[in-house]
Structure formats: structure tokens, C-alpha cells
Amino acid sequence: MRQELQSMPKGLADDVAKNLVMVARLIDEDPEQAYGYAKVALRLASRVAAVREAAGFAAYANQKYSEALAEFRTARRMTGNVELWPVMADCERGLGRPEKALEMAGAPEVHKLDKAGQVEMRLVAAGARRDMGQLDAAIVTLQSPELASNSVQPWTARLRYAYADALLAAGREDEAREWFAKAVESDKDGSTDASDRLAELDGVEFVDALVTEGEAPEQPAADGDEPQAPAEADTDTEADAETPERDED
């Protein structure tokens, strides 16, 4: 990315770089703000492929799939790289075109992807199958050497999670539990909620640790009743009762 910016005047390149850094920092926690920074970078350097790619991911994070797809296509034309192929296919899913995503999954470009890209493409294809109501086909799509491998790679947790989720959707609960457990084992950075899904299947209920021991939790009001505020001691009750109200003119 820095190499791509070297062709620009230094001051402008620095401004673009700062906006791209903010996109990377915010895209997971505050995608809307990241999108704003991406639009600034795009306005400053629309002819830089890295900027078009960053703008695409920012739009994708905000579910602006048509805009994201356009940016990804532009970046791909500028670089000739195929690494964006899976996310482009997922944009097609987001636009309600799972058939197009499946068509892309079978395209020659997939063979040019590295292992991570091929796994990502498999995840997108399985998602497209589920979009079309083809649960069994989605399960088969995810069955692969990467899924069966005991080696833990950056994509392992997400692949196992997707497989478990597809099994559960197909009513194969015992198998789903097994694969959610495997996803938990490989999810070292908490990229999925596999542990929560596993606990749910096991019937585990979480309690509020902030409730002090011996303290009864607050009970909800009965239907039709208004919640009652705690009663406060009123030391002036008797005095108020004995003192007649004074009429005002």
C-alpha cells in the first residue's frame, strides 16, 4: 500500500495513509465511521488500487453490497489480482443473487487463490447453498481436507463453526455439538461465538454475577401492574397528617 502511495506528492500521500489507517482501526468496532474515512481517502486518491479496495471493505462492512462490489471490481481491474474473488462472490449473496455466487465459486479464478482464499470461497459457496434452502448441499460443500485436518490455521475456527451451524440447521444436533466443540478448541482469538452456541446446546444458563449472595433478584411486575418503586421511610407522615392544608386565595 505504501508503495502504491509513493507516486503521489508526500503531503497528499500522508493524508491518504492516515485515513486508510483509521479505516483499518475502526472497521470492526465502528464500521460506519470507518466508511467515512474510506470516503475521504477515495476522494483524495481514487486512482490507487489499495484505496479502492479499502473503500470496498468499508462499504461491505456497512452492508452496502452494490457499492462494495463496484469498488472490488475496480481494484481487481487495476491490479489483476484474484484475491478479492471470494468477497466479491459474497457481495452477490448480499444482493440476493446466490446463484451468481455459486457460478463464481466454480470459475477458473478460484484455482488461482491461495489456500486461505479457497477456504473462504468454500464458505461463501456453502452460504449461497443455504440461501437457496439447500442445507444438505451446504454441508457437503464444507466437507473438505481443511475441515478434516487437525492442524489449526487462521480459517479453521470459522470453517468448523460454519459446518456446525449447517448441521444444526439440518437437525443433526449431536454432530453440530461435536463441531461447535471443535470450533471452540481452534478459536483462540474469539472470532466466533462457538462457546456460546455450545453452551446453549448443553442447556447451560448464565447468571448475573453482579447479584450479591443472598440478594433476591428483582421480580418482574405481573401483567397489567405497574412496577412498584421501593418504599421510603417518611419521618414527617404524622406531622403532615395533623396539619390541615391551608386554602390558597
# chains A, B, ... in the order shown; residues from 1 in each chain; ligands from 1

call {"tool": "residues_around", "arguments": {"residues": "Tyr60 in chain A", "least_positions_apart": "6", "cutoff": "12 Å", "atoms": "only C-alpha atoms", "output": "list in words"}}
result
Ile27, Asp28, Pro31, Glu32, Ala34, Tyr35, Ala38, Glu53, Ala54, Ser66, Glu67, Ala68, Leu69, Ala70, Glu71, Phe72, Val87, Met88, Ala89, Asp90, Cys91, Glu92, Arg93, Gly94 and Leu95 of chain A

call {"tool": "residues_around", "arguments": {"residues": "range 156-162 of chain A", "least_positions_apart": "5", "cutoff": "6 Å", "atoms": "only C-alpha atoms", "output": "number ranges by chain"}}
result
A: 180, 183, 186-187

call {"tool": "residues_around", "arguments": {"residues": "Glu99 in chain A", "least_positions_apart": "5", "cutoff": "10 Å", "atoms": "only C-alpha atoms", "output": "PyMOL selection string"}}
result
chain A and resi 89+92-93+104-105+125+128-129+131-132

call {"tool": "atom_distance", "arguments": {"atom1": "CA of Ala50 in chain A", "atom2": "CA of Asn62 in chain A"}}
result
18.6 Å

call {"tool": "atom_distance", "arguments": {"atom1": "CA of Ser144 in chain A", "atom2": "CA of Asp193 in chain A"}}
result
22.4 Å

call {"tool": "select_by_dssp", "arguments": {"residues": "range 5-133 of chain A", "states": "alpha helix (DSSP H)", "output": "PyMOL selection string"}}
result
chain A and resi 5+10-26+31-44+49-61+65-79+85-94+98-105+115-131

call {"tool": "write_last_selection", "arguments": {"atoms": "C-alpha atoms", "output": "compact mmCIF listing (two decimals), in the first residue's frame"}}
result
# COMPACT_ATOMS: atom_id res chain seq x y z
CA LEU A 5 1.18 5.83 -2.48
CA LYS A 10 4.25 13.33 0.00
CA GLY A 11 1.73 15.53 1.83
CA LEU A 12 -1.17 14.03 -0.04
CA ALA A 13 0.19 10.50 0.39
CA ASP A 14 0.43 11.06 4.15
CA ASP A 15 -3.17 12.27 4.32
CA VAL A 16 -4.39 9.25 2.38
CA ALA A 17 -2.34 6.88 4.54
CA LYS A 18 -3.76 8.34 7.76
CA ASN A 19 -7.32 7.81 6.54
CA LEU A 20 -6.54 4.23 5.50
CA VAL A 21 -5.06 3.53 8.93
CA MET A 22 -8.28 4.76 10.54
CA VAL A 23 -10.32 2.52 8.26
CA ALA A 24 -8.32 -0.49 9.45
CA ARG A 25 -8.62 0.51 13.10
CA LEU A 26 -12.36 1.14 13.08
CA PRO A 31 -17.84 0.35 10.57
CA GLU A 32 -19.89 3.46 9.90
CA GLN A 33 -17.05 5.75 10.98
CA ALA A 34 -14.57 3.61 9.05
CA TYR A 35 -16.74 4.10 5.98
CA GLY A 36 -16.45 7.88 6.44
CA TYR A 37 -12.65 7.71 6.49
CA ALA A 38 -12.69 5.45 3.43
CA LYS A 39 -14.77 8.00 1.51
CA VAL A 40 -12.22 10.71 2.36
CA ALA A 41 -9.35 8.53 1.13
CA LEU A 42 -11.31 7.73 -2.01
CA ARG A 43 -11.88 11.40 -2.70
CA LEU A 44 -8.15 12.08 -2.33
CA ALA A 49 -5.97 0.35 -6.05
CA ALA A 50 -5.38 -0.02 -2.30
CA VAL A 51 -7.76 2.88 -1.68
CA ARG A 52 -10.46 1.32 -3.87
CA GLU A 53 -10.02 -1.97 -2.01
CA ALA A 54 -10.26 -0.28 1.41
CA ALA A 55 -13.37 1.58 0.28
CA GLY A 56 -14.83 -1.74 -0.83
CA PHE A 57 -14.27 -3.38 2.53
CA ALA A 58 -15.68 -0.37 4.37
CA ALA A 59 -18.82 -0.48 2.23
CA TYR A 60 -19.02 -4.26 2.70
CA ALA A 61 -18.85 -3.86 6.50
CA TYR A 65 -23.01 -4.58 -1.17
CA SER A 66 -23.58 -2.92 -4.54
CA GLU A 67 -21.07 -0.19 -3.74
CA ALA A 68 -18.60 -2.70 -2.30
CA LEU A 69 -18.81 -4.90 -5.38
CA ALA A 70 -18.15 -1.94 -7.66
CA GLU A 71 -15.05 -0.96 -5.64
CA PHE A 72 -13.73 -4.52 -5.56
CA ARG A 73 -14.19 -4.89 -9.32
CA THR A 74 -12.32 -1.64 -9.90
CA ALA A 75 -9.46 -2.70 -7.61
CA ARG A 76 -9.24 -6.04 -9.39
CA ARG A 77 -9.09 -4.39 -12.81
CA MET A 78 -6.30 -2.13 -11.58
CA THR A 79 -4.16 -4.91 -10.10
CA TRP A 85 -12.86 -13.04 -5.71
CA PRO A 86 -14.47 -14.65 -2.60
CA VAL A 87 -15.64 -11.36 -1.08
CA MET A 88 -16.97 -10.29 -4.48
CA ALA A 89 -18.99 -13.51 -4.56
CA ASP A 90 -20.27 -12.80 -1.06
CA CYS A 91 -21.42 -9.37 -2.24
CA GLU A 92 -23.52 -11.20 -4.84
CA ARG A 93 -25.09 -13.13 -1.95
CA GLY A 94 -25.76 -9.87 -0.13
CA PRO A 98 -26.76 -16.71 -4.57
CA GLU A 99 -26.80 -18.36 -7.99
CA LYS A 100 -24.22 -15.84 -9.18
CA ALA A 101 -22.09 -16.55 -6.11
CA LEU A 102 -22.17 -20.27 -6.91
CA GLU A 103 -21.22 -19.54 -10.51
CA MET A 104 -18.20 -17.60 -9.26
CA ALA A 105 -17.29 -20.48 -6.93
CA LYS A 115 -5.36 -21.88 0.47
CA ALA A 116 -6.98 -19.20 2.64
CA GLY A 117 -8.81 -17.79 -0.37
CA GLN A 118 -10.05 -21.23 -1.42
CA VAL A 119 -11.41 -21.90 2.07
CA GLU A 120 -13.10 -18.51 2.03
CA MET A 121 -14.65 -19.34 -1.34
CA ARG A 122 -15.92 -22.63 0.08
CA LEU A 123 -17.57 -20.75 2.97
CA VAL A 124 -19.25 -18.36 0.55
CA ALA A 125 -20.47 -21.22 -1.65
CA ALA A 126 -21.92 -23.03 1.36
CA GLY A 127 -23.66 -19.83 2.41
CA ALA A 128 -25.14 -19.50 -1.06
CA ARG A 129 -26.46 -23.06 -0.86
CA ARG A 130 -28.14 -22.22 2.44
CA ASP A 131 -29.61 -19.06 0.91

call {"tool": "residues_around", "arguments": {"residues": "Ser195 in chain A", "least_positions_apart": "2", "cutoff": "10 Å", "atoms": "only C-alpha atoms", "output": "number ranges by chain"}}
result
A: 180-185, 187, 190, 192-193, 197-201

call {"tool": "decode", "arguments": {"residues": "range 1-43 of chain A", "atoms": "N, CA and C atoms", "output": "PDB file, in the first residue's frame"}}
result
ATOM      1  N   MET A   1       0.832  -1.195   0.000  1.00  0.00           N
ATOM      2  CA  MET A   1       0.000   0.000   0.000  1.00  0.00           C
ATOM      3  C   MET A   1       0.874   1.255   0.000  1.00  0.00           C
ATOM      4  N   ARG A   2       1.923   1.215   0.829  1.00  0.00           N
ATOM      5  CA  ARG A   2       2.831   2.355   0.885  1.00  0.00           C
ATOM      6  C   ARG A   2       3.513   2.568  -0.463  1.00  0.00           C
ATOM      7  N   GLN A   3       3.844   1.466  -1.120  1.00  0.00           N
ATOM      8  CA  GLN A   3       4.483   1.560  -2.433  1.00  0.00           C
ATOM      9  C   GLN A   3       3.544   2.212  -3.443  1.00  0.00           C
ATOM     10  N   GLU A   4       2.260   1.877  -3.356  1.00  0.00           N
ATOM     11  CA  GLU A   4       1.291   2.467  -4.279  1.00  0.00           C
ATOM     12  C   GLU A   4       1.165   3.972  -4.055  1.00  0.00           C
ATOM     13  N   LEU A   5       1.336   4.408  -2.800  1.00  0.00           N
ATOM     14  CA  LEU A   5       1.183   5.826  -2.485  1.00  0.00           C
ATOM     15  C   LEU A   5       2.418   6.654  -2.822  1.00  0.00           C
ATOM     16  N   GLN A   6       3.526   5.992  -3.138  1.00  0.00           N
ATOM     17  CA  GLN A   6       4.774   6.716  -3.402  1.00  0.00           C
ATOM     18  C   GLN A   6       4.706   7.576  -4.656  1.00  0.00           C
ATOM     19  N   SER A   7       3.795   7.260  -5.548  1.00  0.00           N
ATOM     20  CA  SER A   7       3.668   8.037  -6.780  1.00  0.00           C
ATOM     21  C   SER A   7       2.973   9.384  -6.542  1.00  0.00           C
ATOM     22  N   MET A   8       2.448   9.594  -5.337  1.00  0.00           N
ATOM     23  CA  MET A   8       1.714  10.816  -5.027  1.00  0.00           C
ATOM     24  C   MET A   8       2.620  11.810  -4.298  1.00  0.00           C
ATOM     25  N   PRO A   9       2.284  13.108  -4.326  1.00  0.00           N
ATOM     26  CA  PRO A   9       3.018  14.082  -3.516  1.00  0.00           C
ATOM     27  C   PRO A   9       3.002  13.653  -2.047  1.00  0.00           C
ATOM     28  N   LYS A  10       4.100  13.875  -1.346  1.00  0.00           N
ATOM     29  CA  LYS A  10       4.248  13.334   0.004  1.00  0.00           C
ATOM     30  C   LYS A  10       3.131  13.776   0.951  1.00  0.00           C
ATOM     31  N   GLY A  11       2.785  15.053   0.935  1.00  0.00           N
ATOM     32  CA  GLY A  11       1.733  15.528   1.830  1.00  0.00           C
ATOM     33  C   GLY A  11       0.413  14.843   1.579  1.00  0.00           C
ATOM     34  N   LEU A  12       0.073  14.690   0.317  1.00  0.00           N
ATOM     35  CA  LEU A  12      -1.172  14.025  -0.043  1.00  0.00           C
ATOM     36  C   LEU A  12      -1.119  12.552   0.323  1.00  0.00           C
ATOM     37  N   ALA A  13       0.026  11.914   0.061  1.00  0.00           N
ATOM     38  CA  ALA A  13       0.187  10.503   0.391  1.00  0.00           C
ATOM     39  C   ALA A  13       0.021  10.275   1.894  1.00  0.00           C
ATOM     40  N   ASP A  14       0.556  11.190   2.700  1.00  0.00           N
ATOM     41  CA  ASP A  14       0.426  11.065   4.149  1.00  0.00           C
ATOM     42  C   ASP A  14      -1.033  11.179   4.583  1.00  0.00           C
ATOM     43  N   ASP A  15      -1.756  12.105   3.987  1.00  0.00           N
ATOM     44  CA  ASP A  15      -3.169  12.271   4.322  1.00  0.00           C
ATOM     45  C   ASP A  15      -3.979  11.017   3.971  1.00  0.00           C
ATOM     46  N   VAL A  16      -3.694  10.464   2.803  1.00  0.00           N
ATOM     47  CA  VAL A  16      -4.394   9.248   2.384  1.00  0.00           C
ATOM     48  C   VAL A  16      -4.059   8.094   3.328  1.00  0.00           C
ATOM     49  N   ALA A  17      -2.770   7.976   3.660  1.00  0.00           N
ATOM     50  CA  ALA A  17      -2.338   6.883   4.541  1.00  0.00           C
ATOM     51  C   ALA A  17      -3.013   6.969   5.909  1.00  0.00           C
ATOM     52  N   LYS A  18      -3.124   8.170   6.450  1.00  0.00           N
ATOM     53  CA  LYS A  18      -3.756   8.342   7.763  1.00  0.00           C
ATOM     54  C   LYS A  18      -5.220   7.900   7.731  1.00  0.00           C
ATOM     55  N   ASN A  19      -5.915   8.230   6.651  1.00  0.00           N
ATOM     56  CA  ASN A  19      -7.316   7.812   6.536  1.00  0.00           C
ATOM     57  C   ASN A  19      -7.434   6.293   6.397  1.00  0.00           C
ATOM     58  N   LEU A  20      -6.510   5.686   5.661  1.00  0.00           N
ATOM     59  CA  LEU A  20      -6.541   4.230   5.500  1.00  0.00           C
ATOM     60  C   LEU A  20      -6.256   3.528   6.824  1.00  0.00           C
ATOM     61  N   VAL A  21      -5.349   4.097   7.615  1.00  0.00           N
ATOM     62  CA  VAL A  21      -5.061   3.528   8.933  1.00  0.00           C
ATOM     63  C   VAL A  21      -6.314   3.561   9.811  1.00  0.00           C
ATOM     64  N   MET A  22      -7.050   4.646   9.748  1.00  0.00           N
ATOM     65  CA  MET A  22      -8.276   4.758  10.543  1.00  0.00           C
ATOM     66  C   MET A  22      -9.340   3.778  10.070  1.00  0.00           C
ATOM     67  N   VAL A  23      -9.383   3.527   8.773  1.00  0.00           N
ATOM     68  CA  VAL A  23     -10.315   2.524   8.259  1.00  0.00           C
ATOM     69  C   VAL A  23     -10.002   1.167   8.884  1.00  0.00           C
ATOM     70  N   ALA A  24      -8.723   0.804   8.896  1.00  0.00           N
ATOM     71  CA  ALA A  24      -8.320  -0.488   9.446  1.00  0.00           C
ATOM     72  C   ALA A  24      -8.601  -0.579  10.942  1.00  0.00           C
ATOM     73  N   ARG A  25      -8.399   0.518  11.653  1.00  0.00           N
ATOM     74  CA  ARG A  25      -8.617   0.507  13.100  1.00  0.00           C
ATOM     75  C   ARG A  25     -10.092   0.402  13.481  1.00  0.00           C
ATOM     76  N   LEU A  26     -10.953   0.995  12.692  1.00  0.00           N
ATOM     77  CA  LEU A  26     -12.361   1.144  13.080  1.00  0.00           C
ATOM     78  C   LEU A  26     -13.313   0.158  12.417  1.00  0.00           C
ATOM     79  N   ILE A  27     -12.873  -0.535  11.395  1.00  0.00           N
ATOM     80  CA  ILE A  27     -13.819  -1.277  10.561  1.00  0.00           C
ATOM     81  C   ILE A  27     -14.569  -2.361  11.333  1.00  0.00           C
ATOM     82  N   ASP A  28     -13.955  -2.930  12.379  1.00  0.00           N
ATOM     83  CA  ASP A  28     -14.641  -3.956  13.162  1.00  0.00           C
ATOM     84  C   ASP A  28     -15.505  -3.348  14.266  1.00  0.00           C
ATOM     85  N   GLU A  29     -15.006  -2.285  14.911  1.00  0.00           N
ATOM     86  CA  GLU A  29     -15.708  -1.714  16.059  1.00  0.00           C
ATOM     87  C   GLU A  29     -16.722  -0.645  15.663  1.00  0.00           C
ATOM     88  N   ASP A  30     -16.402   0.128  14.658  1.00  0.00           N
ATOM     89  CA  ASP A  30     -17.291   1.218  14.237  1.00  0.00           C
ATOM     90  C   ASP A  30     -17.258   1.322  12.713  1.00  0.00           C
ATOM     91  N   PRO A  31     -17.907   0.375  12.027  1.00  0.00           N
ATOM     92  CA  PRO A  31     -17.842   0.346  10.569  1.00  0.00           C
ATOM     93  C   PRO A  31     -18.371   1.598   9.890  1.00  0.00           C
ATOM     94  N   GLU A  32     -19.340   2.250  10.519  1.00  0.00           N
ATOM     95  CA  GLU A  32     -19.895   3.462   9.903  1.00  0.00           C
ATOM     96  C   GLU A  32     -18.851   4.574   9.859  1.00  0.00           C
ATOM     97  N   GLN A  33     -18.096   4.727  10.951  1.00  0.00           N
ATOM     98  CA  GLN A  33     -17.054   5.745  10.975  1.00  0.00           C
ATOM     99  C   GLN A  33     -15.912   5.356  10.034  1.00  0.00           C
ATOM    100  N   ALA A  34     -15.594   4.072   9.974  1.00  0.00           N
ATOM    101  CA  ALA A  34     -14.566   3.609   9.049  1.00  0.00           C
ATOM    102  C   ALA A  34     -14.954   3.934   7.610  1.00  0.00           C
ATOM    103  N   TYR A  35     -16.232   3.784   7.315  1.00  0.00           N
ATOM    104  CA  TYR A  35     -16.740   4.104   5.978  1.00  0.00           C
ATOM    105  C   TYR A  35     -16.508   5.575   5.653  1.00  0.00           C
ATOM    106  N   GLY A  36     -16.687   6.442   6.650  1.00  0.00           N
ATOM    107  CA  GLY A  36     -16.448   7.877   6.442  1.00  0.00           C
ATOM    108  C   GLY A  36     -15.001   8.165   6.093  1.00  0.00           C
ATOM    109  N   TYR A  37     -14.072   7.531   6.797  1.00  0.00           N
ATOM    110  CA  TYR A  37     -12.652   7.714   6.493  1.00  0.00           C
ATOM    111  C   TYR A  37     -12.313   7.164   5.104  1.00  0.00           C
ATOM    112  N   ALA A  38     -12.943   6.039   4.746  1.00  0.00           N
ATOM    113  CA  ALA A  38     -12.689   5.454   3.435  1.00  0.00           C
ATOM    114  C   ALA A  38     -13.148   6.390   2.318  1.00  0.00           C
ATOM    115  N   LYS A  39     -14.266   7.070   2.532  1.00  0.00           N
ATOM    116  CA  LYS A  39     -14.765   8.000   1.514  1.00  0.00           C
ATOM    117  C   LYS A  39     -13.815   9.185   1.352  1.00  0.00           C
ATOM    118  N   VAL A  40     -13.199   9.624   2.453  1.00  0.00           N
ATOM    119  CA  VAL A  40     -12.221  10.712   2.361  1.00  0.00           C
ATOM    120  C   VAL A  40     -11.012  10.252   1.551  1.00  0.00           C
ATOM    121  N   ALA A  41     -10.499   9.074   1.867  1.00  0.00           N
ATOM    122  CA  ALA A  41      -9.353   8.534   1.134  1.00  0.00           C
ATOM    123  C   ALA A  41      -9.680   8.362  -0.344  1.00  0.00           C
ATOM    124  N   LEU A  42     -10.885   7.936  -0.620  1.00  0.00           N
ATOM    125  CA  LEU A  42     -11.310   7.730  -2.005  1.00  0.00           C
ATOM    126  C   LEU A  42     -11.383   9.053  -2.758  1.00  0.00           C
ATOM    127  N   ARG A  43     -11.808  10.090  -2.080  1.00  0.00           N
ATOM    128  CA  ARG A  43     -11.880  11.404  -2.700  1.00  0.00           C
ATOM    129  C   ARG A  43     -10.476  11.942  -3.008  1.00  0.00           C
TER     130      ARG A  43
END
